[in-house]
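Below is one structure, written out as structure tokens, with a few remarks after it.
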Amino acid sequence: MARRGGGGNSREYTCENPYGPSPTAIKAMSEAIEKGAYYANASVAKLKSMIAERNGVSTDHIMITSGSSGALTYLAAAVSQHGHIIGPDLFWDTTSKMGTRNSPFGLKYLPKTEDLSIDLNKMYQSINSETALVQVTNPNNPTGMLLDADKLSDFSKKASKKTMVLIDEAYNELTDDPVKNSMLPLIKQGENIVVARTFSKIYGLSSLRIGWGYGSKKIIDALNVIKPPFNVNEVAQKAAIESLKDKKFISRSVKHNYFYATKLKDFLSNYDISSNKVSANFLLLNFNKCKLKAKSFYEKLKKKGIILRSTEEGYKIKNMLRLTIGSKDENIKFIKATQNIFKK
């Protein structure tokens, strides 16, 4: 599930795509490893070209980074010397903290809303002369909530007139309409916006650490001054290129995620465990109306070798758990374990 371990095995890990990487990506990785004595292509030209072609832009609008977190960190480091960064008080700030370590301004958090959604109106109202950046993750992590595309577009247009806007779209491919839900078109229109994407989620390349940032040439040029020349290895580059080519694998992965996320969501509702609308590869499970507390359910599942992610420590959200969609066998194991827990 979100994190898995079996029996006495202390190994825990997060798997973003239960199918793993595309078979053609795996083959490309193997071939690239054989050339491990050579430096990677620092320009990342071929991968940039493929991304640019897909999105109808020039390659000089793209920066390839070590996961989307690389783009977030570089941007935070660049702007935080000139002002503070605004974001929701959830788990959005991990990479931003890294980029603002030596900043005289730092981060400003929006208080959690009652339903854990991102309040775009309050975010806009919080922008002042010392705001260097506002950050929105859509769909958000760990809530899985997807913002209305039109509302996010309106906010981004208004906010980008006052400051820079960063949209983290790590889970975009898993939403109901990836094209509509993306803010990439606003950058083509000249808005002061950066979009971050990753190959970690639907493409299943988490451990390879590869992603990309997309913005105006002026912004990307500035970020390339900060970015190390060999920040993405050759194995990751080759895998990403083949992943983009393998459309059938991606389609299969998206269908699997939607089918089982919907199945699990409906199943859990029988026990008064509610969750977000399916828009990512995980569900945020709310136990406020359930006869069991989240902590109790977590411990009972752990004894059965199934480990979900608690939201109390890192996310500071009480009585909820984060469940990542697993393979068919893993999902069935979770369903049977849950049924047994609630029988007692």
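Here, A, B, ... name the chains of the structure tokens in the order displayed, residue numbers run from 1 inside each chain, and ligands are numbered from 1 in the same displayed order.
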Leaving out Lys277 (chain A) and any residue of its chain fewer than 6 positions from it, which residues lie within 12 Å of it when counting only C-alpha atoms, given as JSON, numbers by chain? {"A": [139, 140, 143, 144, 145, 146, 147, 174, 175, 176, 258, 261, 262, 263, 264, 265, 266, 283, 284, 285]}
Could you save those same residues with N, CA, C and O atoms as a compact mmCIF listing (two decimals), in the first residue's frame?
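Final output, out.txt:
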# COMPACT_ATOMS: atom_id res chain seq x y z
N PRO A 139 -2.88 17.67 -8.29
CA PRO A 139 -3.58 17.43 -7.03
C PRO A 139 -2.62 17.54 -5.85
O PRO A 139 -1.43 17.28 -5.98
N ASN A 140 -3.20 17.87 -4.69
CA ASN A 140 -2.36 18.09 -3.54
C ASN A 140 -1.96 16.78 -2.87
O ASN A 140 -2.65 15.78 -2.96
N THR A 143 -3.63 15.12 0.47
CA THR A 143 -5.10 15.04 0.45
C THR A 143 -5.64 14.40 -0.82
O THR A 143 -6.75 13.86 -0.82
N GLY A 144 -4.88 14.46 -1.91
CA GLY A 144 -5.36 13.94 -3.19
C GLY A 144 -6.40 14.83 -3.84
O GLY A 144 -7.00 14.45 -4.84
N MET A 145 -6.61 16.02 -3.28
CA MET A 145 -7.66 16.91 -3.80
C MET A 145 -7.19 17.64 -5.05
O MET A 145 -6.09 18.19 -5.09
N LEU A 146 -8.04 17.64 -6.05
CA LEU A 146 -7.77 18.32 -7.31
C LEU A 146 -8.54 19.63 -7.36
O LEU A 146 -9.76 19.65 -7.18
N LEU A 147 -7.83 20.71 -7.60
CA LEU A 147 -8.47 22.01 -7.71
C LEU A 147 -9.22 22.14 -9.03
O LEU A 147 -8.80 21.56 -10.05
N LEU A 174 -2.58 11.32 -13.67
CA LEU A 174 -3.56 10.45 -13.02
C LEU A 174 -4.90 11.13 -12.81
O LEU A 174 -5.83 10.53 -12.28
N THR A 175 -5.03 12.38 -13.22
CA THR A 175 -6.28 13.11 -13.05
C THR A 175 -7.27 12.75 -14.16
O THR A 175 -6.90 12.11 -15.15
N ASP A 176 -8.51 13.18 -14.01
CA ASP A 176 -9.55 12.82 -14.98
C ASP A 176 -9.34 13.46 -16.35
O ASP A 176 -9.79 12.94 -17.36
N TYR A 258 -7.09 3.89 -11.61
CA TYR A 258 -8.46 4.38 -11.46
C TYR A 258 -9.40 3.25 -11.01
O TYR A 258 -10.24 3.45 -10.13
N ALA A 261 -8.44 2.26 -7.30
CA ALA A 261 -8.69 3.37 -6.38
C ALA A 261 -10.18 3.53 -6.14
O ALA A 261 -10.63 3.73 -5.00
N THR A 262 -10.96 3.42 -7.22
CA THR A 262 -12.42 3.52 -7.11
C THR A 262 -12.97 2.34 -6.31
O THR A 262 -13.85 2.51 -5.46
N LYS A 263 -12.45 1.15 -6.59
CA LYS A 263 -12.89 -0.06 -5.89
C LYS A 263 -12.61 0.05 -4.39
O LYS A 263 -13.48 -0.25 -3.55
N LEU A 264 -11.42 0.51 -4.04
CA LEU A 264 -11.05 0.64 -2.63
C LEU A 264 -11.84 1.74 -1.94
O LEU A 264 -12.27 1.60 -0.79
N LYS A 265 -12.04 2.82 -2.65
CA LYS A 265 -12.82 3.93 -2.10
C LYS A 265 -14.25 3.47 -1.77
O LYS A 265 -14.77 3.74 -0.67
N ASP A 266 -14.88 2.78 -2.70
CA ASP A 266 -16.25 2.27 -2.48
C ASP A 266 -16.28 1.22 -1.37
O ASP A 266 -17.20 1.21 -0.54
N LEU A 283 -5.17 7.37 -1.72
CA LEU A 283 -6.38 7.87 -1.09
C LEU A 283 -6.03 8.34 0.31
O LEU A 283 -5.25 7.69 1.01
N LEU A 284 -6.61 9.46 0.72
CA LEU A 284 -6.47 9.91 2.10
C LEU A 284 -7.69 9.41 2.85
O LEU A 284 -8.81 9.85 2.60
N LEU A 285 -7.48 8.49 3.77
CA LEU A 285 -8.58 7.84 4.48
C LEU A 285 -8.95 8.60 5.75
O LEU A 285 -8.11 8.82 6.63
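The space separating CA of Lys248 (chain A) from CA of Leu184 (chain A) comes to 23.5 Å.
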All strand (DSSP E) residues (DSSP, backbone) inside region 54-236 of chain A, as a PyMOL selection string: chain A and resi 62-65+84-88+107-110+131-137+164-168+193-198+211-214
Identify all residues of region 25-135 of chain A in helix (DSSP H, G or I) (DSSP on the backbone) and supply them as a ChimeraX atom specification. /A:25-33,45-55,59-61,67-79,94-99,120-126
Contacts of Asn257 (chain A) within 12 Å, only C-alpha atoms, excl. fewer than 4 positions in-chain, as a JSON list (two decimals) with N, CA and C atoms, in the first residue's frame:
[["chain", "number", "residue", "atom", "x", "y", "z"],
["A", 16, "GLU", "N", 5.27, 3.85, -6.41],
["A", 16, "GLU", "CA", 4.34, 4.78, -7.04],
["A", 16, "GLU", "C", 3.53, 4.13, -8.17],
["A", 17, "ASN", "N", 4.11, 3.14, -8.83],
["A", 17, "ASN", "CA", 3.39, 2.42, -9.89],
["A", 17, "ASN", "C", 3.58, 0.92, -9.65],
["A", 18, "PRO", "N", 2.52, 0.18, -9.31],
["A", 18, "PRO", "CA", 2.66, -1.24, -9.00],
["A", 18, "PRO", "C", 3.18, -2.08, -10.16],
["A", 19, "TYR", "N", 3.10, -1.56, -11.39],
["A", 19, "TYR", "CA", 3.66, -2.28, -12.53],
["A", 19, "TYR", "C", 5.17, -2.05, -12.66],
["A", 171, "TYR", "N", 1.17, 14.64, -10.04],
["A", 171, "TYR", "CA", 0.16, 13.60, -10.25],
["A", 171, "TYR", "C", -0.75, 13.90, -11.44],
["A", 173, "GLU", "N", -0.91, 13.25, -14.62],
["A", 173, "GLU", "CA", -1.30, 12.19, -15.55],
["A", 173, "GLU", "C", -2.38, 11.28, -14.98],
["A", 174, "LEU", "N", -2.58, 11.32, -13.67],
["A", 174, "LEU", "CA", -3.56, 10.45, -13.02],
["A", 174, "LEU", "C", -4.90, 11.13, -12.81],
["A", 175, "THR", "N", -5.03, 12.38, -13.22],
["A", 175, "THR", "CA", -6.28, 13.11, -13.05],
["A", 175, "THR", "C", -7.27, 12.75, -14.16],
["A", 176, "ASP", "N", -8.51, 13.18, -14.01],
["A", 176, "ASP", "CA", -9.55, 12.82, -14.98],
["A", 176, "ASP", "C", -9.34, 13.46, -16.35],
["A", 201, "LYS", "N", 6.01, 9.21, -10.58],
["A", 201, "LYS", "CA", 4.69, 8.66, -10.26],
["A", 201, "LYS", "C", 4.22, 7.65, -11.31],
["A", 202, "ILE", "N", 3.45, 8.09, -12.30],
["A", 202, "ILE", "CA", 2.86, 7.17, -13.26],
["A", 202, "ILE", "C", 3.92, 6.43, -14.08],
["A", 250, "ILE", "N", 1.58, 3.42, -20.18],
["A", 250, "ILE", "CA", 1.04, 4.50, -19.36],
["A", 250, "ILE", "C", -0.48, 4.39, -19.28],
["A", 251, "SER", "N", -1.12, 4.11, -20.41],
["A", 251, "SER", "CA", -2.57, 3.95, -20.44],
["A", 251, "SER", "C", -3.01, 2.81, -19.53],
["A", 252, "ARG", "N", -2.28, 1.71, -19.59],
["A", 252, "ARG", "CA", -2.59, 0.55, -18.75],
["A", 252, "ARG", "C", -2.44, 0.91, -17.27],
["A", 253, "SER", "N", -1.40, 1.65, -16.94],
["A", 253, "SER", "CA", -1.13, 2.04, -15.56],
["A", 253, "SER", "C", -2.22, 2.96, -15.03],
["A", 261, "ALA", "N", -8.44, 2.26, -7.30],
["A", 261, "ALA", "CA", -8.69, 3.37, -6.38],
["A", 261, "ALA", "C", -10.18, 3.53, -6.14],
["A", 262, "THR", "N", -10.96, 3.42, -7.22],
["A", 262, "THR", "CA", -12.42, 3.52, -7.11],
["A", 262, "THR", "C", -12.97, 2.34, -6.31],
["A", 263, "LYS", "N", -12.45, 1.15, -6.59],
["A", 263, "LYS", "CA", -12.89, -0.06, -5.89],
["A", 263, "LYS", "C", -12.61, 0.05, -4.39],
["A", 264, "LEU", "N", -11.42, 0.51, -4.04],
["A", 264, "LEU", "CA", -11.05, 0.64, -2.63],
["A", 264, "LEU", "C", -11.84, 1.74, -1.94],
["A", 265, "LYS", "N", -12.04, 2.82, -2.65],
["A", 265, "LYS", "CA", -12.82, 3.93, -2.10],
["A", 265, "LYS", "C", -14.25, 3.47, -1.77],
["A", 278, "VAL", "N", -10.99, 10.26, -6.65],
["A", 278, "VAL", "CA", -9.80, 9.68, -7.25],
["A", 278, "VAL", "C", -9.15, 10.66, -8.22],
["A", 279, "SER", "N", -7.95, 11.10, -7.90],
["A", 279, "SER", "CA", -7.24, 12.02, -8.78],
["A", 279, "SER", "C", -5.72, 11.85, -8.67],
["A", 280, "ALA", "N", -5.29, 10.83, -7.94],
["A", 280, "ALA", "CA", -3.86, 10.55, -7.77],
["A", 280, "ALA", "C", -3.71, 9.04, -7.57],
["A", 281, "ASN", "N", -2.52, 8.59, -7.19],
["A", 281, "ASN", "CA", -2.31, 7.16, -6.98],
["A", 281, "ASN", "C", -2.40, 6.80, -5.50],
["A", 282, "PHE", "N", -3.17, 7.58, -4.74],
["A", 282, "PHE", "CA", -3.37, 7.29, -3.33],
["A", 282, "PHE", "C", -4.73, 7.84, -2.89],
["A", 283, "LEU", "N", -5.17, 7.37, -1.72],
["A", 283, "LEU", "CA", -6.38, 7.87, -1.09],
["A", 283, "LEU", "C", -6.03, 8.34, 0.31],
["A", 324, "THR", "N", -1.62, 4.21, -0.65],
["A", 324, "THR", "CA", -1.24, 4.20, -2.05],
["A", 324, "THR", "C", -1.82, 2.96, -2.73],
["A", 325, "ILE", "N", -2.28, 3.12, -3.97],
["A", 325, "ILE", "CA", -2.89, 2.02, -4.71],
["A", 325, "ILE", "C", -1.80, 1.02, -5.12],
["A", 326, "GLY", "N", -2.00, -0.24, -4.75],
["A", 326, "GLY", "CA", -1.00, -1.26, -5.03],
["A", 326, "GLY", "C", -1.34, -2.12, -6.23],
["A", 327, "SER", "N", -0.69, -3.26, -6.32],
["A", 327, "SER", "CA", -0.97, -4.21, -7.39],
["A", 327, "SER", "C", -2.31, -4.90, -7.09],
["A", 328, "LYS", "N", -2.78, -5.70, -8.03],
["A", 328, "LYS", "CA", -4.04, -6.42, -7.83],
["A", 328, "LYS", "C", -3.98, -7.28, -6.57],
["A", 331, "ASN", "N", -3.89, -5.13, -3.37],
["A", 331, "ASN", "CA", -5.19, -4.52, -3.09],
["A", 331, "ASN", "C", -6.17, -5.55, -2.51]]
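Of the residues listed (A:Lys304, A:Ile317, A:Ala240, A:Ile118), A:Lys304 shows the shortest atom-to-atom separation from Phe334 (chain A); distances use only C-alpha atoms.
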Please identify all polymer residues within 10 Å of Phe199 (chain A), counting only C-alpha atoms, omitting same-chain residues fewer than 2 positions from it, and present them as a VMD selection string. chain A and resid 21 66 to 68 170 to 171 197 201 to 212 236 239 to 240 243 to 244
Give me the residues near region 213-217 of chain A as a list in words, where near means some atom within 9 Å (using only C-alpha atoms) and where sequence neighbours in that chain fewer than 5 positions away do not count. Ser58, Asp60, His61, Ile62, Met63, Ile64, Thr65, Ser68, Gly70, Ala71, Leu72, Leu184, Ile187, Lys188, Gly190, Glu191, Asn192, Ile193, Val194, Val195, Ala196, Arg197, Thr198 and Ala222 of chain A
Which residue is closest to Gly314 (chain A)? Choose from A:Pro229, A:Pro142, A:Pro185, A:Gly83 and count only C-alpha atoms. A:Pro142
Counting only C-alpha atoms, what is within 7 Å of region 130-136 of chain A, bar same-chain residues fewer than 4 positions away, as a VMD selection string? chain A and resid 79 to 80 82 to 87 163 to 168
Near Asp272 (chain A), counting only C-alpha atoms, which residues have an atom at most 8 Å away, once you skip same-chain residues fewer than 5 positions from it, shown as a ChimeraX atom specification? /A:287,289-291
Residue with smallest distance to Asn172 (chain A) - pool A:Thr73, A:Lys238, A:Asn141, A:Lys343, counting only C-alpha atoms: A:Asn141
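CA of Gly36 (chain A) to CA of Phe230 (chain A) spans 13.5 Å [interatomic distance, one decimal].
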